[in-house]
file query_15.txt (compact mmCIF, C-alpha atoms and all ligand atoms)
# COMPACT_ATOMS: atom_id res chain seq x y z
CA MET A 1 0.84 25.62 -11.56
CA SER A 2 0.47 21.86 -11.58
CA GLN A 3 -1.24 21.75 -14.95
CA GLY A 4 0.12 22.76 -18.35
CA PRO A 5 -2.28 23.52 -21.26
CA LEU A 6 -2.37 19.96 -22.66
CA SER A 7 -3.12 18.49 -19.22
CA ALA A 8 -5.86 21.09 -18.76
CA LYS A 9 -7.44 20.12 -22.07
CA LEU A 10 -7.28 16.40 -21.27
CA PHE A 11 -8.74 16.95 -17.82
CA ALA A 12 -11.65 18.91 -19.25
CA ALA A 13 -12.40 16.00 -21.60
CA ALA A 14 -11.87 13.44 -18.84
CA LYS A 15 -14.39 15.19 -16.60
CA GLN A 16 -16.95 14.95 -19.36
CA TYR A 17 -16.64 11.18 -19.67
CA ILE A 18 -15.19 9.88 -16.37
CA PRO A 19 -16.68 10.70 -12.95
CA GLY A 20 -14.47 13.43 -11.47
CA GLY A 21 -12.16 12.94 -14.47
CA VAL A 22 -10.22 10.14 -12.76
CA ASN A 23 -10.38 6.38 -12.32
CA SER A 24 -9.27 6.46 -8.67
CA PRO A 25 -10.21 9.39 -6.41
CA VAL A 26 -6.81 10.40 -4.95
CA ARG A 27 -5.59 11.18 -8.47
CA ALA A 28 -7.97 14.16 -8.62
CA PHE A 29 -5.70 16.29 -6.35
CA ARG A 30 -8.55 17.05 -3.93
CA GLY A 31 -6.09 16.57 -1.06
CA VAL A 32 -3.87 19.41 -2.29
CA GLY A 33 -6.08 21.64 -4.42
CA GLY A 34 -5.55 22.40 -8.10
CA ASP A 35 -6.00 19.93 -10.93
CA PRO A 36 -3.94 16.84 -11.84
CA PHE A 37 -1.43 16.64 -14.68
CA PHE A 38 -1.47 13.86 -17.26
CA VAL A 39 1.54 11.60 -17.83
CA ARG A 40 3.00 10.97 -21.26
CA ARG A 41 5.86 8.69 -20.30
CA ALA A 42 7.84 7.39 -17.33
CA LYS A 43 11.32 5.92 -17.10
CA GLY A 44 13.50 5.18 -14.10
CA SER A 45 12.96 7.77 -11.37
CA ARG A 46 11.34 10.24 -13.80
CA ILE A 47 7.92 10.97 -15.22
CA TRP A 48 7.19 13.39 -18.07
CA ASP A 49 3.83 15.09 -18.28
CA VAL A 50 2.03 15.70 -21.57
CA ASP A 51 3.26 19.30 -21.55
CA GLY A 52 6.89 18.14 -21.45
CA LYS A 53 7.69 18.89 -17.82
CA ASP A 54 9.79 16.22 -16.07
CA LEU A 55 9.54 15.27 -12.42
CA ILE A 56 11.39 13.06 -9.95
CA ASP A 57 8.63 10.68 -8.89
CA TYR A 58 8.11 9.32 -5.37
CA VAL A 59 4.66 7.85 -6.03
CA GLY A 60 5.95 5.00 -8.19
CA THR A 61 2.45 4.15 -9.42
CA TRP A 62 1.47 3.95 -5.70
CA GLY A 63 4.12 1.39 -4.88
CA PRO A 64 4.52 -1.18 -7.66
CA ALA A 65 7.45 0.54 -9.45
CA ILE A 66 10.14 -0.70 -7.06
CA LEU A 67 12.79 -0.94 -9.81
CA GLY A 68 11.74 2.46 -11.13
CA HIS A 69 9.49 3.01 -14.14
CA ALA A 70 9.61 0.78 -17.21
CA PRO A 71 12.60 -1.37 -16.21
CA VAL A 72 14.07 -3.18 -19.21
CA CYS A 73 13.72 -6.63 -17.61
CA VAL A 74 9.97 -6.14 -17.04
CA ILE A 75 9.28 -4.66 -20.48
CA GLU A 76 11.15 -7.54 -22.14
CA ALA A 77 9.31 -10.13 -20.07
CA ILE A 78 5.97 -8.61 -21.10
CA HIS A 79 6.95 -8.56 -24.79
CA SER A 80 8.18 -12.09 -24.69
CA ALA A 81 5.07 -13.42 -22.92
CA ALA A 82 2.72 -11.45 -25.19
CA LYS A 83 4.11 -13.12 -28.31
CA ASP A 84 2.54 -16.37 -27.07
CA GLY A 85 -0.84 -14.87 -26.28
CA VAL A 86 -2.14 -12.38 -23.73
CA SER A 87 -4.72 -14.45 -21.85
CA PHE A 88 -5.88 -18.05 -21.89
CA GLY A 89 -8.26 -18.73 -19.01
CA ILE A 90 -6.47 -22.08 -18.92
CA PRO A 91 -3.65 -22.91 -16.49
CA ASN A 92 -0.27 -21.63 -17.72
CA PRO A 93 3.29 -22.28 -16.52
CA TYR A 94 3.91 -18.69 -15.28
CA GLU A 95 1.25 -19.08 -12.57
CA VAL A 96 3.04 -22.05 -11.10
CA GLU A 97 6.37 -20.23 -11.08
CA MET A 98 4.80 -17.23 -9.37
CA ALA A 99 2.99 -19.34 -6.78
CA LYS A 100 6.20 -21.22 -5.99
CA LEU A 101 8.15 -17.98 -5.60
CA VAL A 102 5.54 -16.52 -3.23
CA CYS A 103 5.53 -19.66 -1.10
CA GLU A 104 9.33 -19.60 -0.95
CA TRP A 105 9.64 -15.90 -0.16
CA VAL A 106 6.75 -15.18 2.21
CA PRO A 107 7.23 -17.00 5.54
CA SER A 108 3.54 -17.70 6.34
CA VAL A 109 2.43 -18.71 2.87
CA GLU A 110 2.04 -22.44 2.21
CA LYS A 111 -0.45 -22.02 -0.62
CA VAL A 112 -1.41 -18.97 -2.63
CA ARG A 113 -4.19 -17.93 -5.01
CA LEU A 114 -3.51 -15.24 -7.61
CA CYS A 115 -6.09 -12.56 -8.39
CA ASN A 116 -6.13 -9.13 -10.06
CA SER A 117 -5.94 -6.45 -7.38
CA GLY A 118 -5.24 -5.80 -3.74
CA THR A 119 -8.96 -5.23 -3.20
CA GLU A 120 -9.75 -8.71 -4.50
CA ALA A 121 -7.06 -10.15 -2.24
CA THR A 122 -8.37 -8.58 1.00
CA MET A 123 -12.00 -9.29 0.05
CA SER A 124 -11.14 -12.94 -0.50
CA CYS A 125 -9.21 -13.13 2.80
CA VAL A 126 -12.28 -11.85 4.65
CA ARG A 127 -14.60 -14.37 2.98
CA LEU A 128 -12.15 -17.18 3.56
CA ALA A 129 -11.69 -16.27 7.24
CA ARG A 130 -15.46 -16.26 7.71
CA GLY A 131 -15.84 -19.55 5.87
CA PHE A 132 -13.05 -21.19 7.83
CA THR A 133 -14.08 -20.04 11.31
CA GLY A 134 -17.85 -20.06 10.82
CA ARG A 135 -17.89 -16.59 12.44
CA ASP A 136 -19.01 -13.29 10.92
CA ARG A 137 -17.28 -10.46 12.78
CA ILE A 138 -14.20 -8.76 11.32
CA VAL A 139 -11.94 -6.37 13.22
CA LYS A 140 -10.04 -3.63 11.43
CA PHE A 141 -8.17 -0.50 12.51
CA ASP A 142 -8.97 3.16 12.08
CA GLY A 143 -6.80 4.54 9.27
CA CYS A 144 -5.96 1.17 7.71
CA TYR A 145 -7.06 0.94 4.08
CA HIS A 146 -7.69 -2.44 2.51
CA GLY A 147 -9.10 -1.49 -0.90
CA HIS A 148 -12.75 -0.75 -1.60
CA VAL A 149 -14.19 -3.89 -0.02
CA ASP A 150 -17.69 -3.38 1.51
CA ALA A 151 -16.79 -5.12 4.78
CA LEU A 152 -13.65 -2.98 5.13
CA LEU A 153 -14.93 0.44 4.03
CA VAL A 154 -16.20 0.92 7.53
CA ALA A 155 -15.58 3.76 9.97
CA ALA A 156 -15.43 3.60 13.73
CA GLY A 157 -18.76 3.92 15.55
CA SER A 158 -19.17 6.43 18.38
CA GLY A 159 -17.26 4.33 20.95
CA ALA A 160 -14.26 2.11 20.37
CA LEU A 161 -16.25 -1.08 20.97
CA THR A 162 -19.40 -0.16 19.08
CA ASN A 163 -20.03 -1.67 15.68
CA GLY A 164 -18.73 0.12 12.62
CA LYS A 165 -20.74 2.36 10.34
CA PRO A 166 -20.49 2.55 6.55
CA ASP A 167 -17.64 4.74 5.29
CA SER A 168 -19.21 5.01 1.84
CA ALA A 169 -22.71 5.40 0.49
CA GLY A 170 -23.98 2.10 -0.88
CA ILE A 171 -22.81 -0.08 1.99
CA PRO A 172 -25.75 -1.37 4.04
CA ALA A 173 -25.54 -0.47 7.75
CA SER A 174 -26.41 -4.08 8.59
CA TYR A 175 -23.32 -5.16 6.70
CA ALA A 176 -20.98 -2.59 8.29
CA GLU A 177 -22.24 -3.68 11.71
CA LEU A 178 -20.30 -6.92 11.27
CA THR A 179 -17.05 -4.95 11.29
CA THR A 180 -15.57 -3.47 14.46
CA VAL A 181 -13.06 -0.66 14.01
CA LEU A 182 -10.41 -0.18 16.70
CA PRO A 183 -7.78 2.53 17.18
CA TYR A 184 -4.36 1.30 16.01
CA ASN A 185 -1.55 0.71 18.55
CA ASP A 186 -4.04 0.43 21.45
CA VAL A 187 -3.64 -2.91 23.23
CA ALA A 188 -6.19 -2.07 25.93
CA ALA A 189 -8.98 -1.51 23.36
CA LEU A 190 -8.01 -4.75 21.66
CA GLU A 191 -8.17 -6.75 24.88
CA GLU A 192 -11.45 -5.21 25.91
CA LEU A 193 -13.05 -6.14 22.59
CA PHE A 194 -11.79 -9.73 22.63
CA ASP A 195 -12.84 -10.18 26.26
CA GLN A 196 -16.38 -9.21 25.29
CA ARG A 197 -16.77 -10.65 21.80
CA GLY A 198 -13.74 -12.81 21.01
CA HIS A 199 -15.95 -15.82 20.23
CA GLU A 200 -17.70 -13.85 17.43
CA ILE A 201 -14.54 -12.69 15.70
CA ALA A 202 -13.53 -14.43 12.48
CA ALA A 203 -10.42 -12.35 11.94
CA ILE A 204 -8.40 -9.25 12.54
CA ILE A 205 -7.21 -7.62 9.34
CA VAL A 206 -4.36 -5.15 9.68
CA GLU A 207 -1.99 -3.34 7.37
CA SER A 208 1.23 -4.87 8.63
CA TYR A 209 2.70 -1.34 8.65
CA PRO A 210 -0.18 1.07 8.04
CA ALA A 211 0.79 3.10 4.98
CA ASN A 212 -2.49 4.61 3.83
CA ALA A 213 -2.81 7.31 6.51
CA GLY A 214 0.73 8.44 6.00
CA LEU A 215 3.16 5.85 7.35
CA ILE A 216 2.44 4.63 10.88
CA LEU A 217 4.62 2.09 12.62
CA PRO A 218 3.54 -0.41 15.26
CA GLN A 219 4.66 0.18 18.84
CA PRO A 220 7.02 -2.53 20.12
CA GLY A 221 5.02 -5.68 20.87
CA TYR A 222 1.81 -4.50 19.18
CA LEU A 223 1.85 -6.91 16.24
CA GLN A 224 2.76 -9.74 18.61
CA ALA A 225 -0.27 -8.80 20.74
CA LEU A 226 -2.48 -9.15 17.64
CA ARG A 227 -0.99 -12.57 16.98
CA ASP A 228 -1.40 -13.73 20.58
CA ILE A 229 -4.96 -12.56 21.07
CA THR A 230 -6.25 -14.04 17.80
CA LYS A 231 -4.62 -17.36 18.61
CA LYS A 232 -6.16 -17.37 22.09
CA HIS A 233 -9.68 -16.74 20.77
CA GLY A 234 -9.62 -18.98 17.69
CA SER A 235 -9.72 -15.99 15.33
CA LEU A 236 -7.47 -15.59 12.30
CA LEU A 237 -4.86 -12.88 11.80
CA ILE A 238 -4.79 -11.41 8.31
CA PHE A 239 -1.81 -9.28 7.34
CA ASP A 240 -2.59 -6.89 4.52
CA GLU A 241 0.83 -6.70 2.88
CA VAL A 242 -0.45 -5.27 -0.40
CA MET A 243 1.82 -2.26 0.15
CA THR A 244 4.63 -3.72 2.26
CA GLY A 245 4.90 -7.15 0.64
CA PHE A 246 7.95 -7.47 -1.65
CA ARG A 247 8.59 -3.76 -0.89
CA LEU A 248 10.41 -3.93 2.46
CA ALA A 249 11.86 -7.43 2.24
CA LYS A 250 11.37 -10.58 0.16
CA GLY A 251 8.99 -11.80 2.84
CA GLY A 252 7.45 -8.44 3.77
CA VAL A 253 6.81 -7.24 7.31
CA GLN A 254 6.21 -10.77 8.55
CA GLU A 255 9.82 -11.57 7.70
CA LEU A 256 11.10 -8.33 9.31
CA GLU A 257 9.06 -8.82 12.47
CA GLY A 258 9.36 -12.61 12.68
CA LEU A 259 5.57 -13.07 12.88
CA ILE A 260 3.42 -15.64 11.13
CA PRO A 261 -0.11 -14.46 10.22
CA ASP A 262 -2.73 -17.01 9.14
CA LEU A 263 -3.49 -15.24 5.86
CA THR A 264 -1.69 -12.56 3.86
CA ALA A 265 -3.03 -10.25 1.17
CA MET A 266 -0.54 -9.14 -1.49
CA GLY A 267 -0.54 -6.84 -4.52
CA LYS A 268 1.30 -3.86 -6.00
CA VAL A 269 5.02 -4.85 -6.34
CA ILE A 270 4.11 -8.48 -7.10
CA GLY A 271 2.59 -7.42 -10.44
CA GLY A 272 5.51 -5.40 -11.78
CA GLY A 273 3.05 -2.62 -12.67
CA LEU A 274 0.41 -4.89 -14.16
CA PRO A 275 -2.85 -5.63 -12.31
CA VAL A 276 -2.10 -8.43 -9.85
CA GLY A 277 -3.15 -9.40 -6.36
CA ALA A 278 -2.56 -12.56 -4.36
CA PHE A 279 -3.59 -14.05 -1.06
CA GLY A 280 -2.14 -16.99 0.74
CA GLY A 281 -1.40 -18.61 4.04
CA ARG A 282 -1.88 -21.81 5.99
CA ALA A 283 -2.62 -24.73 3.69
CA ASP A 284 -5.56 -25.98 5.80
CA ILE A 285 -7.23 -22.57 5.44
CA MET A 286 -6.39 -22.10 1.75
CA ASP A 287 -7.78 -25.58 0.99
CA MET A 288 -11.22 -24.25 1.99
CA LEU A 289 -11.28 -22.43 -1.38
CA ALA A 290 -13.21 -23.72 -4.38
CA PRO A 291 -12.79 -26.12 -6.13
CA ASP A 292 -11.53 -28.18 -3.17
CA GLY A 293 -13.57 -26.40 -0.50
CA PRO A 294 -16.84 -24.50 0.02
CA VAL A 295 -15.53 -20.89 -0.14
CA TYR A 296 -16.09 -19.54 -3.63
CA GLN A 297 -13.52 -17.32 -5.32
CA ALA A 298 -12.67 -16.92 -9.02
CA GLY A 299 -11.29 -14.62 -11.73
CA THR A 300 -11.40 -14.60 -15.54
CA LEU A 301 -7.98 -12.96 -15.81
CA SER A 302 -6.42 -14.36 -12.61
CA GLY A 303 -2.89 -15.67 -13.18
CA ASN A 304 -2.72 -13.73 -16.45
CA PRO A 305 0.50 -14.64 -18.30
CA LEU A 306 1.59 -11.04 -18.97
CA ALA A 307 1.01 -10.02 -15.38
CA MET A 308 2.79 -13.09 -14.03
CA ALA A 309 5.75 -12.58 -16.38
CA ALA A 310 6.05 -8.91 -15.40
CA GLY A 311 5.88 -9.67 -11.70
CA LEU A 312 8.32 -12.56 -11.87
CA ALA A 313 10.81 -10.46 -13.82
CA GLN A 314 10.58 -7.63 -11.29
CA LEU A 315 10.93 -9.87 -8.23
CA ARG A 316 13.87 -11.80 -9.67
CA GLU A 317 15.63 -8.58 -10.58
CA MET A 318 15.16 -7.35 -7.00
CA GLU A 319 16.80 -10.52 -5.76
CA LYS A 320 19.60 -10.35 -8.33
CA GLN A 321 20.45 -6.75 -7.43
CA ASN A 322 20.18 -7.35 -3.68
CA GLY A 323 17.53 -4.68 -4.01
CA TYR A 324 16.19 -4.52 -0.46
CA ALA A 325 19.60 -3.74 1.06
CA HIS A 326 20.23 -1.13 -1.64
CA LEU A 327 16.83 0.51 -1.03
CA GLU A 328 17.60 0.73 2.69
CA GLN A 329 20.78 2.66 1.83
CA LEU A 330 18.89 5.05 -0.46
CA GLY A 331 16.24 5.45 2.24
CA GLN A 332 18.91 6.37 4.77
CA ILE A 333 20.40 8.99 2.41
CA MET A 334 16.94 10.49 1.97
CA GLU A 335 16.30 10.41 5.70
CA ASP A 336 19.56 12.17 6.59
CA ALA A 337 18.93 14.86 3.97
CA VAL A 338 15.33 15.51 5.02
CA LEU A 339 16.19 15.61 8.72
CA ASP A 340 18.95 18.13 7.93
CA ALA A 341 16.47 20.25 5.99
CA LEU A 342 14.00 20.13 8.86
CA LYS A 343 16.65 21.15 11.35
CA ALA A 344 17.88 23.99 9.16
CA THR A 345 14.34 25.36 8.85
CA GLY A 346 13.51 24.90 12.53
CA ARG A 347 10.54 22.65 11.72
CA ASN A 348 9.84 19.83 14.10
CA TYR A 349 7.64 17.83 11.70
CA GLN A 350 7.42 14.08 12.23
CA TRP A 351 9.39 11.90 9.81
CA TYR A 352 8.83 8.15 9.56
CA ARG A 353 10.65 5.70 7.32
CA LYS A 354 11.04 1.98 6.81
CA GLY A 355 13.40 0.98 4.01
CA SER A 356 12.15 2.70 0.86
CA MET A 357 8.84 3.91 2.37
CA PHE A 358 8.64 7.34 3.99
CA CYS A 359 6.24 9.96 5.24
CA LEU A 360 6.68 13.50 6.53
CA PHE A 361 3.73 14.44 8.73
CA PHE A 362 3.22 18.18 9.07
CA THR A 363 2.67 17.91 12.80
CA GLU A 364 4.90 18.13 15.84
CA THR A 365 2.93 15.37 17.60
CA PRO A 366 4.35 11.84 17.28
CA VAL A 367 2.02 9.78 15.06
CA HIS A 368 0.91 6.38 16.38
CA ASN A 369 -2.62 6.25 15.00
CA LEU A 370 -5.06 8.05 12.72
CA THR A 371 -6.09 10.58 15.38
CA ASP A 372 -2.43 11.66 15.70
CA ALA A 373 -2.05 11.79 11.90
CA LYS A 374 -5.03 14.12 11.71
CA THR A 375 -3.22 16.75 13.80
CA SER A 376 -1.24 17.50 10.61
CA ASP A 377 -1.28 21.04 9.26
CA ILE A 378 -2.97 20.35 5.93
CA PRO A 379 -2.65 23.90 4.49
CA ALA A 380 1.11 23.68 5.16
CA PHE A 381 1.28 20.28 3.46
CA ARG A 382 -0.59 21.64 0.42
CA LYS A 383 1.80 24.55 0.10
CA PHE A 384 4.77 22.19 0.45
CA PHE A 385 3.35 19.79 -2.16
CA HIS A 386 2.85 22.51 -4.76
CA ALA A 387 6.26 24.05 -4.10
CA CYS A 388 7.89 20.64 -4.64
CA LEU A 389 5.85 20.03 -7.79
CA ASP A 390 6.80 23.44 -9.20
CA ASP A 391 10.45 22.54 -8.65
CA GLY A 392 10.24 19.11 -10.27
CA VAL A 393 9.60 16.74 -7.36
CA TYR A 394 6.39 14.75 -7.30
CA ILE A 395 5.20 13.32 -3.98
CA ALA A 396 1.72 11.88 -3.40
CA PRO A 397 -0.98 14.55 -3.60
CA SER A 398 -2.20 13.93 -0.04
CA GLN A 399 -0.74 14.15 3.47
CA TYR A 400 -2.20 10.73 4.17
CA GLU A 401 -0.02 8.76 1.76
CA THR A 402 3.42 7.17 1.83
CA GLY A 403 6.34 8.03 -0.44
CA PHE A 404 8.31 5.35 -2.30
CA ILE A 405 11.94 5.31 -3.33
CA SER A 406 12.88 2.97 -6.18
CA LEU A 407 16.15 1.37 -7.21
CA ALA A 408 16.23 3.84 -10.10
CA HIS A 409 16.54 6.83 -7.75
CA SER A 410 20.17 7.92 -7.75
CA PRO A 411 21.86 9.61 -4.81
CA ASP A 412 21.86 12.72 -7.06
CA ASP A 413 18.07 12.49 -7.44
CA ILE A 414 17.75 12.29 -3.69
CA ALA A 415 20.13 15.19 -3.08
CA ARG A 416 18.16 17.30 -5.57
CA THR A 417 14.91 16.26 -3.83
CA ALA A 418 16.27 17.29 -0.44
CA GLU A 419 17.23 20.74 -1.82
CA VAL A 420 13.76 21.19 -3.28
CA MET A 421 12.13 20.10 -0.03
CA ALA A 422 14.35 22.39 2.04
CA LYS A 423 13.36 25.32 -0.16
CA ALA A 424 9.69 24.36 0.12
CA LEU A 425 9.97 24.17 3.92
CA ARG A 426 11.64 27.58 4.05
CA GLY A 427 8.73 28.97 2.05
CA LEU A 428 6.09 27.89 4.56
C1 LIG B 501 -3.40 -0.38 -2.42
C2 LIG B 501 -3.84 -1.18 -1.26
C3 LIG B 501 -4.93 -2.05 -1.32
C4 LIG B 501 -5.83 -2.12 -2.52
O1 LIG B 501 -5.17 -2.59 -3.65
P1 LIG B 501 -5.80 -2.27 -5.11
O2 LIG B 501 -4.88 -3.00 -6.04
O3 LIG B 501 -5.77 -0.79 -5.25
O4 LIG B 501 -7.17 -2.81 -5.11
C5 LIG B 501 -5.22 -2.83 -0.24
N1 LIG B 501 -4.47 -2.77 0.88
C6 LIG B 501 -3.42 -1.95 0.98
C7 LIG B 501 -2.61 -1.94 2.24
C8 LIG B 501 -3.08 -1.11 -0.07
O5 LIG B 501 -2.05 -0.26 0.07
call {"tool": "encode", "arguments": {"input": "query_15.txt", "output": "structure tokens", "more": "lines below"}}
Ligand SMILES: *Cc1c(COP(=O)(O)O)cnc(C)c1O
result
Amino acid sequence: MSQGPLSAKLFAAAKQYIPGGVNSPVRAFRGVGGDPFFVRRAKGSRIWDVDGKDLIDYVGTWGPAILGHAPVCVIEAIHSAAKDGVSFGIPNPYEVEMAKLVCEWVPSVEKVRLCNSGTEATMSCVRLARGFTGRDRIVKFDGCYHGHVDALLVAAGSGALTNGKPDSAGIPASYAELTTVLPYNDVAALEELFDQRGHEIAAIIVESYPANAGLILPQPGYLQALRDITKKHGSLLIFDEVMTGFRLAKGGVQELEGLIPDLTAMGKVIGGGLPVGAFGGRADIMDMLAPDGPVYQAGTLSGNPLAMAAGLAQLREMEKQNGYAHLEQLGQIMEDAVLDALKATGRNYQWYRKGSMFCLFFTETPVHNLTDAKTSDIPAFRKFFHACLDDGVYIAPSQYETGFISLAHSPDDIARTAEVMAKALRGL
């Protein structure tokens, strides 16, 4: 049972006042069946639900909690900033510190604008790319999620090169038609599209490592192909590093892969758990933004002092603790343990990991794109999820999500997790 009596009571009330009882759909547990629990408190690698059950958490508030939950440095930074006021709508020193840090850490970023969510960041990148190039068409990839932006909530049409169709009610077909959706990791489809319509394309937007359909890694040379083809056709390359930025390295995937996109969307870890997004890139493109340029973009709470202080504290602590190297070690411990468990149970499920991000696909087919990911045995995943939850390990309530290890996860936590997962696999 995922839900104790207090969670059940809260969920009943939530459903009365909030659509579906949740403020973001994946939280409703529709991917695994059953009803969600409510959290009372979180600290380090642990969360406690309102009924008093504690869990080792690998969701980490969907990525931001890279130091673990409620790290002292972040809580103190928020307290200290709050004493001087929680929002001004006037420039404040924290924004400048944050912008400087982003420009220093992220290889492609010469200038950056702060906003309040990853969705705002990708939406603004799309508008900016269109404004800069004077072109309308956007290319995205099947299975990449970029927040709930109209232009990016688009599904593939019937053929790879046909225009996209809305992936949500409320998005005009005429609007979705300006987005082309390609299969990921398919250079031939990419080349065919650019041969035909390269001159129309404002930008490619791609999750630098797609992590919203499970975790999918680029084939060798694929990201370079995106860079080369956009350069050749005068289109921009937008890396959506909302998930991977500040998670895999100080400079995200672009640092790991040695690639320089034109624009980068950021979010999640950069806010230390508070609502923050950011987008940045080449100075000549960023200077197209208002007030200097004609592309409008704004935000009442953008650069909020609490959010900036929280994010700065988290990022500096990561640097101080040499956090990325440490997370790689923890990730390796997890990987070895899970692979052992798979072997012991005779399951040939596909495991993918980069640093502290991981995904176990319940399929024996290697996963290079969304179509491969969809070969997963969802009933088996659901059973596995609930078995883990019953035994005190919380992974994302959907096959199509990525797990996150934090610096607060101890080797003991990971060993315990591997035992629980092995038992859950044996029970399938
Ligand atoms: C989470 C996410 C977003 C959206 O960010 P929000 O803060 O939820 O709006 C965009 N892109 C990627 C890759 C994400 O993982």
call {"tool": "closest_atom_pairs", "arguments": {"input": "query_15.txt", "of": "chain A", "to": "ligand LIG 501 (chain B)", "cutoff": "9 Å", "atoms": "all atoms listed in the file", "output": "Markdown table"}}
result
| residue | atom | partner | partner_atom | distance |
| --- | --- | --- | --- | --- |
| A:Ser24 | CA | B:LIG501 | O3 | 8.7 |
| A:Trp62 | CA | B:LIG501 | C1 | 7.3 |
| A:Gly63 | CA | B:LIG501 | O5 | 8.1 |
| A:Asn116 | CA | B:LIG501 | O2 | 7.4 |
| A:Ser117 | CA | B:LIG501 | O2 | 3.8 |
| A:Gly118 | CA | B:LIG501 | O1 | 3.2 |
| A:Thr119 | CA | B:LIG501 | O4 | 3.6 |
| A:Glu120 | CA | B:LIG501 | O4 | 6.5 |
| A:Ala121 | CA | B:LIG501 | C5 | 7.8 |
| A:Thr122 | CA | B:LIG501 | C5 | 6.7 |
| A:Cys144 | CA | B:LIG501 | C7 | 7.1 |
| A:Tyr145 | CA | B:LIG501 | N1 | 5.5 |
| A:His146 | CA | B:LIG501 | N1 | 3.6 |
| A:Gly147 | CA | B:LIG501 | C4 | 3.7 |
| A:His148 | CA | B:LIG501 | O4 | 6.9 |
| A:Val149 | CA | B:LIG501 | O4 | 8.7 |
| A:Val206 | CA | B:LIG501 | C7 | 8.3 |
| A:Glu207 | CA | B:LIG501 | C7 | 5.4 |
| A:Ser208 | CA | B:LIG501 | C7 | 8.0 |
| A:Tyr209 | CA | B:LIG501 | C7 | 8.3 |
| A:Pro210 | CA | B:LIG501 | C7 | 7.0 |
| A:Ala211 | CA | B:LIG501 | O5 | 6.6 |
| A:Asn212 | CA | B:LIG501 | O5 | 6.2 |
| A:Phe239 | CA | B:LIG501 | C7 | 9.0 |
| A:Asp240 | CA | B:LIG501 | C7 | 5.4 |
| A:Glu241 | CA | B:LIG501 | C7 | 5.9 |
| A:Val242 | CA | B:LIG501 | C6 | 4.7 |
| A:Met243 | CA | B:LIG501 | O5 | 4.4 |
| A:Thr244 | CA | B:LIG501 | C7 | 7.5 |
| A:Ala265 | CA | B:LIG501 | N1 | 7.6 |
| A:Met266 | CA | B:LIG501 | N1 | 7.9 |
| A:Gly267 | CA | B:LIG501 | O2 | 6.0 |
| A:Lys268 | CA | B:LIG501 | O2 | 6.2 |
| A:Pro275 | CA | B:LIG501 | O2 | 7.1 |
| A:Val276 | CA | B:LIG501 | O2 | 7.2 |
| A:Gly277 | CA | B:LIG501 | O2 | 6.6 |
call {"tool": "closest_atom_pairs", "arguments": {"input": "query_15.txt", "of": "range 6-109 of chain A", "to": "range 378-391 of chain A", "cutoff": "12 Å", "atoms": "only C-alpha atoms", "output": "Markdown table"}}
result
| residue | atom | partner | partner_atom | distance |
| --- | --- | --- | --- | --- |
| A:Phe29 | CA | A:Arg382 | CA | 10.0 |
| A:Arg30 | CA | A:Arg382 | CA | 10.2 |
| A:Gly31 | CA | A:Arg382 | CA | 7.6 |
| A:Val32 | CA | A:Arg382 | CA | 4.8 |
| A:Gly33 | CA | A:Arg382 | CA | 7.3 |
| A:Gly34 | CA | A:His386 | CA | 9.0 |
| A:Asp35 | CA | A:His386 | CA | 11.1 |
| A:Pro36 | CA | A:Leu389 | CA | 11.1 |
| A:Phe37 | CA | A:Leu389 | CA | 10.6 |
| A:Ile47 | CA | A:Leu389 | CA | 11.9 |
| A:Asp49 | CA | A:Leu389 | CA | 11.8 |
| A:Lys53 | CA | A:Asp390 | CA | 9.8 |
| A:Asp54 | CA | A:Asp391 | CA | 9.8 |
| A:Leu55 | CA | A:Leu389 | CA | 7.6 |
| A:Ile56 | CA | A:Leu389 | CA | 9.2 |
| A:Asp57 | CA | A:Leu389 | CA | 9.8 |
| A:Tyr58 | CA | A:Leu389 | CA | 11.2 |
call {"tool": "closest_residue", "arguments": {"input": "query_15.txt", "among": "A:Leu114, A:Leu190, A:Ala42, A:Leu153", "to": "Glu177 in chain A", "atoms": "only C-alpha atoms"}}
result
A:Leu153
call {"tool": "atom_distance", "arguments": {"input": "query_15.txt", "atom1": "CA of Ser158 in chain A", "atom2": "CA of Val181 in chain A"}}
result
10.3 Å
call {"tool": "closest_residue", "arguments": {"input": "query_15.txt", "among": "A:Gly331, A:Pro294, A:Gly251, A:Gly198", "to": "Leu315 in chain A", "atoms": "all atoms listed in the file"}}
result
A:Gly251
call {"tool": "residues_around", "arguments": {"input": "query_15.txt", "residues": "range 12-17 of chain A", "least_positions_apart": "2", "cutoff": "12 Å", "atoms": "only C-alpha atoms", "output": "MDAnalysis selection string"}}
result
chainID A and resid 3 5:10 19:23 28 35:38
call {"tool": "atom_distance", "arguments": {"input": "query_15.txt", "atom1": "CA of His79 in chain A", "atom2": "CA of Leu248 in chain A"}}
result
27.9 Å
call {"tool": "residues_around", "arguments": {"input": "query_15.txt", "residues": "Lys354 in chain A", "least_positions_apart": "6", "cutoff": "12 Å", "atoms": "all atoms listed in the file", "output": "JSON, numbers by chain"}}
result
{"A": [209, 210, 211, 215, 216, 217, 218, 244, 247, 248, 249, 252, 253, 256, 324, 325, 327, 328, 329, 330, 331, 332, 334, 335, 402, 403, 404, 405]}
call {"tool": "closest_residue", "arguments": {"input": "query_15.txt", "among": "A:Asn163, A:Gly271, A:Lys250, A:Pro366", "to": "Pro305 in chain A", "atoms": "only C-alpha atoms"}}
result
A:Gly271
call {"tool": "closest_residue", "arguments": {"input": "query_15.txt", "among": "A:Gly60, A:Gly159, A:Gly392, A:Gly4", "to": "Leu193 in chain A", "atoms": "all atoms listed in the file"}}
result
A:Gly159
